[in-house]
Amino acid sequence: MRSVFVGILILMHVIVPLVGAEGETSTVEGRETQVDVIGLNQFTVHRGEQIEVLFTLHNLGDQADTFNFDLVDAVDNLTITGLPLSKTLESGYLRQIKFNLSASIDAGYGLYNLSILFTSPNDVNWNQTETFQAKVAPYSNLNFGATGVSSFIVSPNTRTSVAMNITNNASMDDDVTFNLYTVSGWNWGWTMNSTDGPNAYETVRGDTAAYIYLWVDVPSVIDGSPLYNDGPRFQISAVSGIDGGIVQWSFDMLMNEFKNASIDEVGNDAVIEPGGVERVSIDVRNTGNSPNYLNITLEAINAQGEAIPDIPNFDRIAIDGWTMAIFGGLEENILQPNESRTIKIAFQAPLEYSSEIDIRLRVFAGGAIQNTRIVDIGASIGWERSGTVQLRTDACQSLLPSESCSADVEVYNGGNAVDSFEYSIKQVPEFVSAILIQTTTELQPGEYTNLTLIEITANASALAFELGEVVVETFLFNSDTTVGISRIPVKIAPVIRWNFTDVIEETDSNGRLSIAMTLRNEGNTADGLLVQLQSSHSTPMSFLPPNMAVYEEGVEFPRSFEVSDIPIGYNFTVRAWIDLPQDQPSNGTVWVTTTVRSQFQPSTEFVHTSTGDYTGVPWQEEVEEESFDLFGMISTGFDVLKAWSLMIGAILFSGVVIYKSVVARNLRTTEQMEMDALNQPKPQEAAGDWMNRFAPSEQETVQESSLEVNPEHFKQAFQRRSGGYKEAKAPVDASLTKAATTVLEHHSSNDLLSSADSLLSDIQINPRPSRDIETSAVQPPPPQVQTSIPAQPRNIGLPIDDDLDI
């Protein structure tokens, strides 16, 4: 059996791979091989020389591929090394390929065509042939007349010609191609017979020299550029037509020194108040290409712009009561190329109300007076009347009834002389009144002042949210020119005032505390209420919201609600209830807080606190229906007996022991009394004396002496100490009195019967007593008369509840 199982396992391992192999299928997608060969054109090699041939291979196919390439046919006297090669390229990638080409000493000069065959092992049907040329040539030998870098000093705004010789030291003629390269934007050109754009052509015979010619336009110095002793570089390349050899020559064109200055920006002509000072800003700049200083002076001119010959040029000039001076010239400080400086021309006007003057500014760079720059600046005196007024405070946007506010303004004299301003009220809303605190203000030129302009008072009957503007117009004094209009916004603020006019709290027999609070809107706007109920205990409670109230939908006992638009002077009643706790272990008090908030001012709270006392469970009266449960009583009795069995046993045992002890003690006491009676002689009694025991005894009555007091005085004193009269209790039931009398009579009769039985027993024991004994019978002692000492009567307060009442 085991061998069969092993055979089945081996068979499964053999069959399963075969089944899987049958299910697999292989798919071969079609592919297209494409390659681009870049840079495989013409190469020059000298006899006995080996060079590297470089080209780039680009895989244009959509998959990675491997390319094989080899020389197709060999050429005599030319040797290819490094082929064949095989390179793998990813799709879209490029790769540089190189191999070596060498020419023998006997190789003939000329062009040779060579071909390389490209194939791919992944595509046997594809191949590609690329052909290139190998040129075997002698060595060329071209040399410029100068080596390294040459320098030329040029002047701005000129055309400069350049010539350079080149020598062909080879033994054969050379067709040379010339090319010029520069990074500058200067214009240039060839002055040669054969040119083509940037290239020039010249045939130089063997062992002879030739010249190349070109020109360069040197630009002007603009904004300090090009700098002194600085300029662009030009590079000329000569390419040999024999073997493609290249020789180069470079030259720099360095700018000569150029001095110049400019006046870039001039401020507006000055307008000056009488006797005032004003400055005009002017920007000057060194526009030369070398560091230099600027010469700055003032020149006096007349109204026609002509120089006044009697006044020399200087940095300060006084004429016709005017004084002009240069500030910030700093002529001794050097300015770098294209660096600027701001100077100020100050004008001090005479104390006149109308005048004007012109002055000329002259600027030139040091050493270049021929490039002097000039500009005329003017100044004039004029009495200007202007000003502004701006509202600075806005304290009347929340004005309560009968409350006042003030408005502050800032007044500015924008004129150039002392001036006054006057104010006038143009508009006042009906719900306020306004008065001007100041009517005129005098200010110096350019002076600001802040002043309280007007006082506004709201009417006592103003309603909330009334809006308006108090308009005050400001004029130049003694003119109709308006300086500005101040519009003071006024708004009456809401007065939120709610008064609790009536609060009623009641607790019914079921322990429910009911609360009713009446509030009156005594503000100046219709208002709403947000009402919330809170309690110190977790117990059922709820508002009784009116129909107009808004509260959470679906809540059985809402504890908050919202009421809107309660008019001024109207009352609103809040009603709520709370069930006092019935399950607390002790007595206590419930604190109920009703919080009322205004819709306009939710931060203002009106809070009323109510209290309700509740009784704890131990003090509550339990009312249960009377019923008799026999089995319940038996079960309870059994449980009690089981729980207290040991205690009951101990009590019974203790009772038995105590009972035995009491019985034994009584027995010993009785025996002792009998022994004493036997040992004591008894008196002889007559036979008839025993009847005297049943005779009633008469006791002498002793009257105690007491003080005599007036009945009225005693009554008054008694009432003062005992308090008011107490109402009499209800009369005792006659059946109770009869029962008590029966009990007392029963006890009295039992006592008499006991005494009689005892006496009869004594007679039976001693039937004939002796005479002596009878005559010496001891009589009971007479009752002692107790004399009492007269004392003051005590005042005893009557209790509230008489203990004698049944």
# chains A, B, ... in the order shown; residues from 1 in each chain; ligands from 1
$ residues_around --residues "region 531-547 of chain A" --least-positions-apart "2" --cutoff "12 Å" --atoms "only C-alpha atoms" --output "mmCIF file with N, CA and C atoms, in the first residue's frame"
data_model
loop_
_atom_site.group_PDB
_atom_site.id
_atom_site.type_symbol
_atom_site.label_atom_id
_atom_site.label_comp_id
_atom_site.auth_asym_id
_atom_site.auth_seq_id
_atom_site.Cartn_x
_atom_site.Cartn_y
_atom_site.Cartn_z
ATOM 1 N N GLY A 511 -44.569 67.650 45.453
ATOM 2 C CA GLY A 511 -43.156 68.004 45.443
ATOM 3 C C GLY A 511 -42.713 68.673 44.166
ATOM 4 N N ARG A 512 -43.577 69.371 43.456
ATOM 5 C CA ARG A 512 -43.213 70.089 42.234
ATOM 6 C C ARG A 512 -43.182 71.575 42.538
ATOM 7 N N LEU A 513 -42.004 72.193 42.249
ATOM 8 C CA LEU A 513 -41.815 73.624 42.445
ATOM 9 C C LEU A 513 -42.156 74.338 41.146
ATOM 10 N N SER A 514 -43.126 75.235 41.198
ATOM 11 C CA SER A 514 -43.539 76.009 40.032
ATOM 12 C C SER A 514 -43.048 77.440 40.187
ATOM 13 N N ILE A 515 -42.519 77.985 39.097
ATOM 14 C CA ILE A 515 -41.925 79.323 39.099
ATOM 15 C C ILE A 515 -42.573 80.125 37.996
ATOM 16 N N ALA A 516 -42.950 81.353 38.312
ATOM 17 C CA ALA A 516 -43.494 82.294 37.322
ATOM 18 C C ALA A 516 -42.818 83.639 37.539
ATOM 19 N N MET A 517 -42.127 84.147 36.509
ATOM 20 C CA MET A 517 -41.411 85.420 36.585
ATOM 21 C C MET A 517 -41.908 86.332 35.478
ATOM 22 N N LEU A 519 -41.191 89.767 33.400
ATOM 23 C CA LEU A 519 -40.172 90.737 33.044
ATOM 24 C C LEU A 519 -40.803 91.822 32.179
ATOM 25 N N GLY A 528 -35.348 90.798 22.256
ATOM 26 C CA GLY A 528 -35.682 89.396 22.444
ATOM 27 C C GLY A 528 -34.952 88.834 23.645
ATOM 28 N N LEU A 529 -35.344 87.641 24.057
ATOM 29 C CA LEU A 529 -34.777 87.025 25.245
ATOM 30 C C LEU A 529 -34.278 85.628 24.908
ATOM 31 N N ALA A 549 -42.391 81.223 21.235
ATOM 32 C CA ALA A 549 -41.020 80.877 21.570
ATOM 33 C C ALA A 549 -40.439 79.917 20.539
ATOM 34 N N VAL A 550 -39.120 79.936 20.421
ATOM 35 C CA VAL A 550 -38.383 79.050 19.538
ATOM 36 C C VAL A 550 -37.488 78.196 20.418
ATOM 37 N N TYR A 551 -37.643 76.869 20.313
ATOM 38 C CA TYR A 551 -36.807 75.965 21.101
ATOM 39 C C TYR A 551 -36.556 74.711 20.277
ATOM 40 N N GLU A 552 -35.708 73.854 20.835
ATOM 41 C CA GLU A 552 -35.267 72.683 20.087
ATOM 42 C C GLU A 552 -36.444 71.755 19.826
ATOM 43 N N VAL A 555 -37.924 68.017 21.823
ATOM 44 C CA VAL A 555 -37.535 67.928 23.233
ATOM 45 C C VAL A 555 -38.802 67.952 24.080
ATOM 46 N N GLU A 556 -38.943 66.945 24.958
ATOM 47 C CA GLU A 556 -40.153 66.866 25.785
ATOM 48 C C GLU A 556 -40.150 67.928 26.872
ATOM 49 N N PHE A 557 -38.999 68.113 27.499
ATOM 50 C CA PHE A 557 -38.891 69.088 28.590
ATOM 51 C C PHE A 557 -37.834 70.122 28.199
ATOM 52 N N PRO A 558 -38.208 71.166 27.475
ATOM 53 C CA PRO A 558 -37.214 72.175 27.053
ATOM 54 C C PRO A 558 -36.676 72.948 28.257
ATOM 55 N N ARG A 559 -35.376 73.125 28.261
ATOM 56 C CA ARG A 559 -34.722 73.886 29.327
ATOM 57 C C ARG A 559 -34.175 75.216 28.829
ATOM 58 N N SER A 560 -34.442 75.535 27.588
ATOM 59 C CA SER A 560 -34.049 76.831 27.047
ATOM 60 C C SER A 560 -34.952 77.150 25.874
ATOM 61 N N PHE A 561 -35.200 78.428 25.671
ATOM 62 C CA PHE A 561 -35.972 78.864 24.513
ATOM 63 C C PHE A 561 -35.618 80.308 24.205
ATOM 64 N N GLU A 562 -36.086 80.770 23.075
ATOM 65 C CA GLU A 562 -35.763 82.112 22.596
ATOM 66 C C GLU A 562 -37.044 82.794 22.136
ATOM 67 N N VAL A 563 -37.172 84.060 22.516
ATOM 68 C CA VAL A 563 -38.334 84.863 22.135
ATOM 69 C C VAL A 563 -37.815 86.155 21.521
ATOM 70 N N SER A 564 -38.392 86.582 20.416
ATOM 71 C CA SER A 564 -37.920 87.763 19.701
ATOM 72 C C SER A 564 -39.010 88.827 19.645
ATOM 73 N N PHE A 572 -43.438 90.206 29.836
ATOM 74 C CA PHE A 572 -43.265 88.840 29.368
ATOM 75 C C PHE A 572 -43.078 87.942 30.580
ATOM 76 N N THR A 573 -43.846 86.853 30.618
ATOM 77 C CA THR A 573 -43.827 85.959 31.767
ATOM 78 C C THR A 573 -43.123 84.655 31.391
ATOM 79 N N VAL A 574 -42.148 84.281 32.245
ATOM 80 C CA VAL A 574 -41.404 83.032 32.097
ATOM 81 C C VAL A 574 -41.950 82.048 33.128
ATOM 82 N N ARG A 575 -42.400 80.889 32.654
ATOM 83 C CA ARG A 575 -42.956 79.880 33.551
ATOM 84 C C ARG A 575 -42.125 78.601 33.438
ATOM 85 N N ALA A 576 -41.880 77.991 34.619
ATOM 86 C CA ALA A 576 -41.084 76.771 34.652
ATOM 87 C C ALA A 576 -41.511 75.940 35.858
ATOM 88 N N TRP A 577 -41.145 74.661 35.816
ATOM 89 C CA TRP A 577 -41.397 73.771 36.957
ATOM 90 C C TRP A 577 -40.218 72.835 37.113
ATOM 91 N N ILE A 578 -40.056 72.347 38.358
ATOM 92 C CA ILE A 578 -38.996 71.395 38.670
ATOM 93 C C ILE A 578 -39.499 70.466 39.757
ATOM 94 N N ASP A 579 -39.271 69.163 39.549
ATOM 95 C CA ASP A 579 -39.652 68.166 40.545
ATOM 96 C C ASP A 579 -38.558 68.048 41.583
ATOM 97 N N LEU A 580 -38.933 68.269 42.867
ATOM 98 C CA LEU A 580 -37.957 68.150 43.942
ATOM 99 C C LEU A 580 -37.535 66.693 44.089
ATOM 100 N N PRO A 581 -36.262 66.427 44.404
ATOM 101 C CA PRO A 581 -35.782 65.046 44.510
ATOM 102 C C PRO A 581 -36.523 64.287 45.612
ATOM 103 N N GLN A 582 -36.814 63.003 45.369
ATOM 104 C CA GLN A 582 -37.492 62.137 46.339
ATOM 105 C C GLN A 582 -36.620 60.953 46.742
ATOM 106 N N ASP A 583 -35.405 60.856 46.189
ATOM 107 C CA ASP A 583 -34.580 59.679 46.453
ATOM 108 C C ASP A 583 -33.255 60.028 47.099
ATOM 109 N N GLN A 584 -33.171 61.191 47.768
ATOM 110 C CA GLN A 584 -31.924 61.598 48.387
ATOM 111 C C GLN A 584 -31.807 60.983 49.784
ATOM 112 N N GLY A 588 -32.268 68.352 52.023
ATOM 113 C CA GLY A 588 -31.447 69.321 51.308
ATOM 114 C C GLY A 588 -32.296 70.359 50.616
ATOM 115 N N THR A 589 -31.608 71.162 49.787
ATOM 116 C CA THR A 589 -32.246 72.271 49.083
ATOM 117 C C THR A 589 -31.837 72.225 47.617
ATOM 118 N N VAL A 590 -32.777 72.377 46.740
ATOM 119 C CA VAL A 590 -32.526 72.485 45.301
ATOM 120 C C VAL A 590 -32.434 73.961 44.933
ATOM 121 N N TRP A 591 -31.345 74.289 44.212
ATOM 122 C CA TRP A 591 -31.149 75.670 43.740
ATOM 123 C C TRP A 591 -31.437 75.692 42.249
ATOM 124 N N VAL A 592 -32.386 76.490 41.860
ATOM 125 C CA VAL A 592 -32.807 76.595 40.466
ATOM 126 C C VAL A 592 -32.447 77.999 39.967
ATOM 127 N N THR A 593 -31.655 78.029 38.886
ATOM 128 C CA THR A 593 -31.194 79.303 38.335
ATOM 129 C C THR A 593 -31.847 79.531 36.989
ATOM 130 N N THR A 594 -32.549 80.629 36.871
ATOM 131 C CA THR A 594 -33.143 81.047 35.600
ATOM 132 C C THR A 594 -32.323 82.203 35.054
ATOM 133 N N THR A 595 -31.671 81.984 33.917
ATOM 134 C CA THR A 595 -30.797 82.989 33.315
ATOM 135 C C THR A 595 -31.484 83.557 32.084
ATOM 136 N N VAL A 596 -31.595 84.873 32.055
ATOM 137 C CA VAL A 596 -32.233 85.572 30.936
ATOM 138 C C VAL A 596 -31.186 86.468 30.290
ATOM 139 N N ARG A 597 -30.994 86.320 28.983
ATOM 140 C CA ARG A 597 -30.047 87.142 28.228
ATOM 141 C C ARG A 597 -30.787 87.890 27.136
ATOM 142 N N SER A 598 -30.298 89.081 26.867
ATOM 143 C CA SER A 598 -30.860 89.874 25.782
ATOM 144 C C SER A 598 -30.305 89.397 24.454
ATOM 145 N N GLN A 599 -31.135 89.441 23.428
ATOM 146 C CA GLN A 599 -30.647 89.081 22.101
ATOM 147 C C GLN A 599 -29.642 90.102 21.587
ATOM 148 N N PRO A 602 -26.012 89.571 24.422
ATOM 149 C CA PRO A 602 -25.999 88.277 25.116
ATOM 150 C C PRO A 602 -25.051 88.233 26.299
ATOM 151 N N GLU A 605 -26.453 89.437 31.523
ATOM 152 C CA GLU A 605 -27.313 88.399 32.076
ATOM 153 C C GLU A 605 -28.205 88.974 33.177
ATOM 154 N N PHE A 606 -29.457 88.498 33.184
ATOM 155 C CA PHE A 606 -30.388 88.762 34.280
ATOM 156 C C PHE A 606 -30.674 87.394 34.922
ATOM 157 N N VAL A 607 -30.225 87.229 36.145
ATOM 158 C CA VAL A 607 -30.264 85.917 36.788
ATOM 159 C C VAL A 607 -31.200 85.973 37.994
ATOM 160 N N HIS A 608 -32.077 84.958 38.089
ATOM 161 C CA HIS A 608 -32.933 84.795 39.263
ATOM 162 C C HIS A 608 -32.738 83.380 39.801
ATOM 163 N N THR A 609 -32.547 83.276 41.109
ATOM 164 C CA THR A 609 -32.303 81.986 41.744
ATOM 165 C C THR A 609 -33.477 81.635 42.641
ATOM 166 N N SER A 610 -34.038 80.449 42.459
ATOM 167 C CA SER A 610 -35.126 79.931 43.281
ATOM 168 C C SER A 610 -34.614 78.733 44.061
ATOM 169 N N THR A 611 -35.213 78.498 45.229
ATOM 170 C CA THR A 611 -34.813 77.364 46.059
ATOM 171 C C THR A 611 -36.038 76.563 46.448
ATOM 172 N N GLY A 612 -35.814 75.283 46.660
ATOM 173 C CA GLY A 612 -36.875 74.388 47.129
ATOM 174 C C GLY A 612 -36.301 73.326 48.037
ATOM 175 N N ASP A 613 -36.861 73.160 49.250
ATOM 176 C CA ASP A 613 -36.381 72.184 50.215
ATOM 177 C C ASP A 613 -37.043 70.837 49.946
ATOM 178 N N TYR A 614 -36.240 69.781 50.065
ATOM 179 C CA TYR A 614 -36.782 68.445 49.899
ATOM 180 C C TYR A 614 -36.437 67.598 51.117
#
$ closest_residue --among "A:Thr147, A:Ala664, A:Val284, A:Ser404" --to "Arg373 (chain A)" --atoms "only C-alpha atoms"
A:Val284
$ residues_around --residues "Tyr570 (chain A)" --least-positions-apart "3" --cutoff "8 Å" --atoms "only C-alpha atoms" --output "ChimeraX atom specification"
/A:520-521,566-567
$ closest_residue --among "A:Gly321, A:Pro156, A:Gly267, A:Gly637" --to "Ile343 (chain A)" --atoms "only C-alpha atoms"
A:Gly267
$ closest_residue --among "A:Gly366, A:Pro291, A:Pro274, A:Gly241" --to "Trp322 (chain A)" --atoms "only C-alpha atoms"
A:Pro274
$ residues_around --residues "Val239 (chain A)" --least-positions-apart "5" --cutoff "8 Å" --atoms "only C-alpha atoms" --output "ChimeraX atom specification"
/A:176-178,244-247
$ write_last_selection --atoms "N, CA, C and O atoms" --output "mmCIF file, in the first residue's frame"
data_model
loop_
_atom_site.group_PDB
_atom_site.id
_atom_site.type_symbol
_atom_site.label_atom_id
_atom_site.label_comp_id
_atom_site.auth_asym_id
_atom_site.auth_seq_id
_atom_site.Cartn_x
_atom_site.Cartn_y
_atom_site.Cartn_z
ATOM 1 N N VAL A 176 43.179 79.442 -47.892
ATOM 2 C CA VAL A 176 42.897 79.679 -46.457
ATOM 3 C C VAL A 176 41.523 80.333 -46.302
ATOM 4 O O VAL A 176 41.173 81.251 -47.065
ATOM 5 N N THR A 177 40.786 79.840 -45.312
ATOM 6 C CA THR A 177 39.483 80.421 -44.944
ATOM 7 C C THR A 177 39.632 81.132 -43.603
ATOM 8 O O THR A 177 40.097 80.527 -42.621
ATOM 9 N N PHE A 178 39.239 82.437 -43.556
ATOM 10 C CA PHE A 178 39.357 83.255 -42.328
ATOM 11 C C PHE A 178 37.959 83.463 -41.721
ATOM 12 O O PHE A 178 36.968 83.693 -42.438
ATOM 13 N N GLY A 244 43.225 71.122 -43.317
ATOM 14 C CA GLY A 244 42.230 71.582 -42.335
ATOM 15 C C GLY A 244 42.832 72.076 -41.037
ATOM 16 O O GLY A 244 42.107 72.288 -40.057
ATOM 17 N N GLY A 245 44.169 72.281 -41.006
ATOM 18 C CA GLY A 245 44.789 72.808 -39.797
ATOM 19 C C GLY A 245 44.336 74.231 -39.519
ATOM 20 O O GLY A 245 44.069 75.011 -40.436
ATOM 21 N N ILE A 246 44.219 74.575 -38.228
ATOM 22 C CA ILE A 246 43.687 75.876 -37.819
ATOM 23 C C ILE A 246 44.720 76.605 -36.992
ATOM 24 O O ILE A 246 45.320 76.031 -36.057
ATOM 25 N N VAL A 247 44.947 77.881 -37.324
ATOM 26 C CA VAL A 247 45.776 78.780 -36.510
ATOM 27 C C VAL A 247 44.911 79.988 -36.140
ATOM 28 O O VAL A 247 44.006 80.361 -36.887
#
$ select_by_dssp --residues "region 66-259 of chain A" --states "strand (DSSP E or B)" --output "PyMOL selection string"
chain A and resi 66-71+78-81+85-89+94-103+110-120+123-136+142-144+149-154+158-168+174-182+188-190+194-196+199-204+208-218+222+225+233-239+246-255
$ closest_residue --among "A:Thr457, A:Ser406, A:Gln304, A:Ser586" --to "Trp619 (chain A)" --atoms "only C-alpha atoms"
A:Ser586
$ residues_around --residues "region 218-229 of chain A" --least-positions-apart "5" --cutoff "6 Å" --atoms "only C-alpha atoms" --output "list in words"
Pro156, Asn157, Thr158, Arg159, Leu254, Met255, Asn256, Glu257, Thr287, Gly288, Asn289, Ser290, Pro337 and Asn338 of chain A
$ write_last_selection --atoms "all heavy atoms" --output "CSV table (one decimal), in the first residue's frame"
chain,number,residue,atom,x,y,z
A,156,PRO,N,36.4,106.7,-28.6
A,156,PRO,CA,35.0,106.5,-28.7
A,156,PRO,C,34.5,107.2,-30.0
A,156,PRO,O,35.0,108.2,-30.5
A,156,PRO,CB,34.4,107.1,-27.5
A,156,PRO,CG,35.4,108.0,-27.0
A,156,PRO,CD,36.7,107.5,-27.3
A,157,ASN,N,33.4,106.5,-30.5
A,157,ASN,CA,32.7,107.0,-31.7
A,157,ASN,C,33.6,107.2,-32.9
A,157,ASN,O,33.5,108.2,-33.6
A,157,ASN,CB,32.1,108.4,-31.3
A,157,ASN,CG,30.9,108.7,-32.3
A,157,ASN,OD1,30.3,107.8,-32.9
A,157,ASN,ND2,30.6,110.0,-32.4
A,158,THR,N,34.5,106.2,-33.2
A,158,THR,CA,35.4,106.2,-34.3
A,158,THR,C,35.3,104.8,-35.0
A,158,THR,O,35.0,103.8,-34.4
A,158,THR,CB,36.8,106.6,-34.0
A,158,THR,OG1,37.3,105.6,-33.0
A,158,THR,CG2,36.9,108.0,-33.4
A,159,ARG,N,35.8,104.8,-36.3
A,159,ARG,CA,35.9,103.5,-37.0
A,159,ARG,C,37.4,103.2,-37.1
A,159,ARG,O,38.2,104.0,-37.6
A,159,ARG,CB,35.3,103.5,-38.4
A,159,ARG,CG,35.7,102.3,-39.3
A,159,ARG,CD,34.9,102.2,-40.5
A,159,ARG,NE,33.5,101.8,-40.2
A,159,ARG,CZ,32.6,101.5,-41.2
A,159,ARG,NH1,33.0,101.5,-42.5
A,159,ARG,NH2,31.4,101.2,-40.9
A,254,LEU,N,40.9,98.4,-26.6
A,254,LEU,CA,40.8,99.1,-25.3
A,254,LEU,C,40.4,100.6,-25.5
A,254,LEU,O,41.0,101.3,-26.3
A,254,LEU,CB,42.1,99.0,-24.5
A,254,LEU,CG,42.6,97.6,-24.3
A,254,LEU,CD1,43.9,97.6,-23.6
A,254,LEU,CD2,41.6,96.7,-23.6
A,255,MET,N,39.3,101.0,-24.7
A,255,MET,CA,38.8,102.3,-24.8
A,255,MET,C,39.7,103.4,-24.2
A,255,MET,O,40.2,103.2,-23.1
A,255,MET,CB,37.4,102.4,-24.2
A,255,MET,CG,36.7,103.7,-24.5
A,255,MET,SD,36.2,103.9,-26.2
A,255,MET,CE,35.0,102.7,-26.4
A,256,ASN,N,39.8,104.5,-24.9
A,256,ASN,CA,40.6,105.6,-24.4
A,256,ASN,C,39.8,106.3,-23.3
A,256,ASN,O,38.6,106.2,-23.2
A,256,ASN,CB,41.0,106.5,-25.5
A,256,ASN,CG,42.1,107.5,-25.1
A,256,ASN,OD1,42.7,107.4,-24.0
A,256,ASN,ND2,42.5,108.3,-26.1
A,257,GLU,N,40.4,107.2,-22.5
A,257,GLU,CA,39.7,108.0,-21.4
A,257,GLU,C,38.8,109.0,-22.0
A,257,GLU,O,39.2,109.7,-23.0
A,257,GLU,CB,40.7,108.6,-20.5
A,257,GLU,CG,40.1,109.3,-19.3
A,257,GLU,CD,41.1,109.9,-18.3
A,257,GLU,OE1,42.2,110.1,-18.7
A,257,GLU,OE2,40.7,110.2,-17.2
A,287,THR,N,29.3,110.9,-16.3
A,287,THR,CA,29.0,110.0,-17.5
A,287,THR,C,30.3,109.7,-18.2
A,287,THR,O,30.2,109.1,-19.3
A,287,THR,CB,28.0,110.7,-18.4
A,287,THR,OG1,28.5,111.9,-18.8
A,287,THR,CG2,26.7,110.8,-17.7
A,288,GLY,N,31.5,110.0,-17.7
A,288,GLY,CA,32.7,109.6,-18.3
A,288,GLY,C,33.0,108.2,-18.0
A,288,GLY,O,32.3,107.5,-17.2
A,289,ASN,N,34.1,107.7,-18.6
A,289,ASN,CA,34.5,106.3,-18.4
A,289,ASN,C,35.6,106.1,-17.4
A,289,ASN,O,36.2,105.0,-17.3
A,289,ASN,CB,34.8,105.6,-19.7
A,289,ASN,CG,36.0,106.1,-20.4
A,289,ASN,OD1,36.6,107.1,-19.9
A,289,ASN,ND2,36.4,105.5,-21.5
A,290,SER,N,35.9,107.1,-16.6
A,290,SER,CA,37.0,107.1,-15.6
A,290,SER,C,36.5,107.9,-14.4
A,290,SER,O,35.7,108.8,-14.5
A,290,SER,CB,38.3,107.6,-16.2
A,290,SER,OG,38.1,109.0,-16.5
A,337,PRO,N,32.6,106.1,-12.6
A,337,PRO,CA,31.9,106.2,-13.8
A,337,PRO,C,30.4,105.8,-13.6
A,337,PRO,O,30.1,104.8,-13.0
A,337,PRO,CB,32.6,105.2,-14.7
A,337,PRO,CG,34.0,105.2,-14.2
A,337,PRO,CD,33.9,105.3,-12.7
A,338,ASN,N,29.5,106.7,-14.1
A,338,ASN,CA,28.1,106.5,-14.1
A,338,ASN,C,27.5,106.7,-12.7
A,338,ASN,O,26.4,106.3,-12.4
A,338,ASN,CB,27.7,105.1,-14.7
A,338,ASN,CG,26.2,105.2,-15.1
A,338,ASN,OD1,25.8,106.2,-15.7
A,338,ASN,ND2,25.5,104.1,-14.9
$ residues_around --residues "Leu111 (chain A)" --least-positions-apart "2" --cutoff "7 Å" --atoms "only C-alpha atoms" --output "ChimeraX atom specification"
/A:113,133-136
$ atom_distance --atom1 "CA of Thr342 (chain A)" --atom2 "CA of Asp376 (chain A)"
16.2 Å
$ residues_around --residues "Asn450 (chain A)" --least-positions-apart "5" --cutoff "12 Å" --atoms "only C-alpha atoms" --output "compact mmCIF listing (two decimals) with N, CA and C atoms, in the first residue's frame"
# COMPACT_ATOMS: atom_id res chain seq x y z
N THR A 388 -6.93 122.01 5.32
CA THR A 388 -7.72 120.78 5.36
C THR A 388 -8.32 120.63 6.75
N VAL A 389 -9.40 119.90 6.81
CA VAL A 389 -10.02 119.56 8.09
C VAL A 389 -10.43 118.09 8.01
N GLN A 390 -10.07 117.34 9.04
CA GLN A 390 -10.35 115.90 9.07
C GLN A 390 -10.96 115.54 10.41
N LEU A 391 -11.97 114.69 10.35
CA LEU A 391 -12.62 114.19 11.56
C LEU A 391 -11.72 113.14 12.19
N ARG A 392 -11.37 113.33 13.46
CA ARG A 392 -10.43 112.44 14.14
C ARG A 392 -11.11 111.48 15.11
N THR A 393 -12.26 111.81 15.63
CA THR A 393 -12.94 110.93 16.58
C THR A 393 -14.30 110.52 16.03
N ALA A 407 -17.01 115.75 19.12
CA ALA A 407 -16.28 115.37 17.91
C ALA A 407 -15.03 116.23 17.81
N ASP A 408 -13.88 115.56 17.64
CA ASP A 408 -12.60 116.24 17.49
C ASP A 408 -12.21 116.25 16.03
N VAL A 409 -11.65 117.36 15.59
CA VAL A 409 -11.19 117.50 14.22
C VAL A 409 -9.74 117.97 14.23
N GLU A 410 -9.06 117.67 13.12
CA GLU A 410 -7.70 118.15 12.91
C GLU A 410 -7.74 119.17 11.77
N VAL A 411 -7.29 120.38 12.06
CA VAL A 411 -7.30 121.48 11.07
C VAL A 411 -5.86 121.79 10.71
N TYR A 412 -5.61 121.94 9.42
CA TYR A 412 -4.27 122.21 8.93
C TYR A 412 -4.29 123.44 8.05
N GLN A 438 -16.10 125.78 19.44
CA GLN A 438 -15.23 126.85 18.91
C GLN A 438 -15.81 127.30 17.57
N THR A 441 -10.49 129.53 14.38
CA THR A 441 -9.17 129.04 14.76
C THR A 441 -8.12 129.75 13.92
N LEU A 443 -4.08 129.74 12.66
CA LEU A 443 -2.96 128.82 12.55
C LEU A 443 -1.81 129.45 11.78
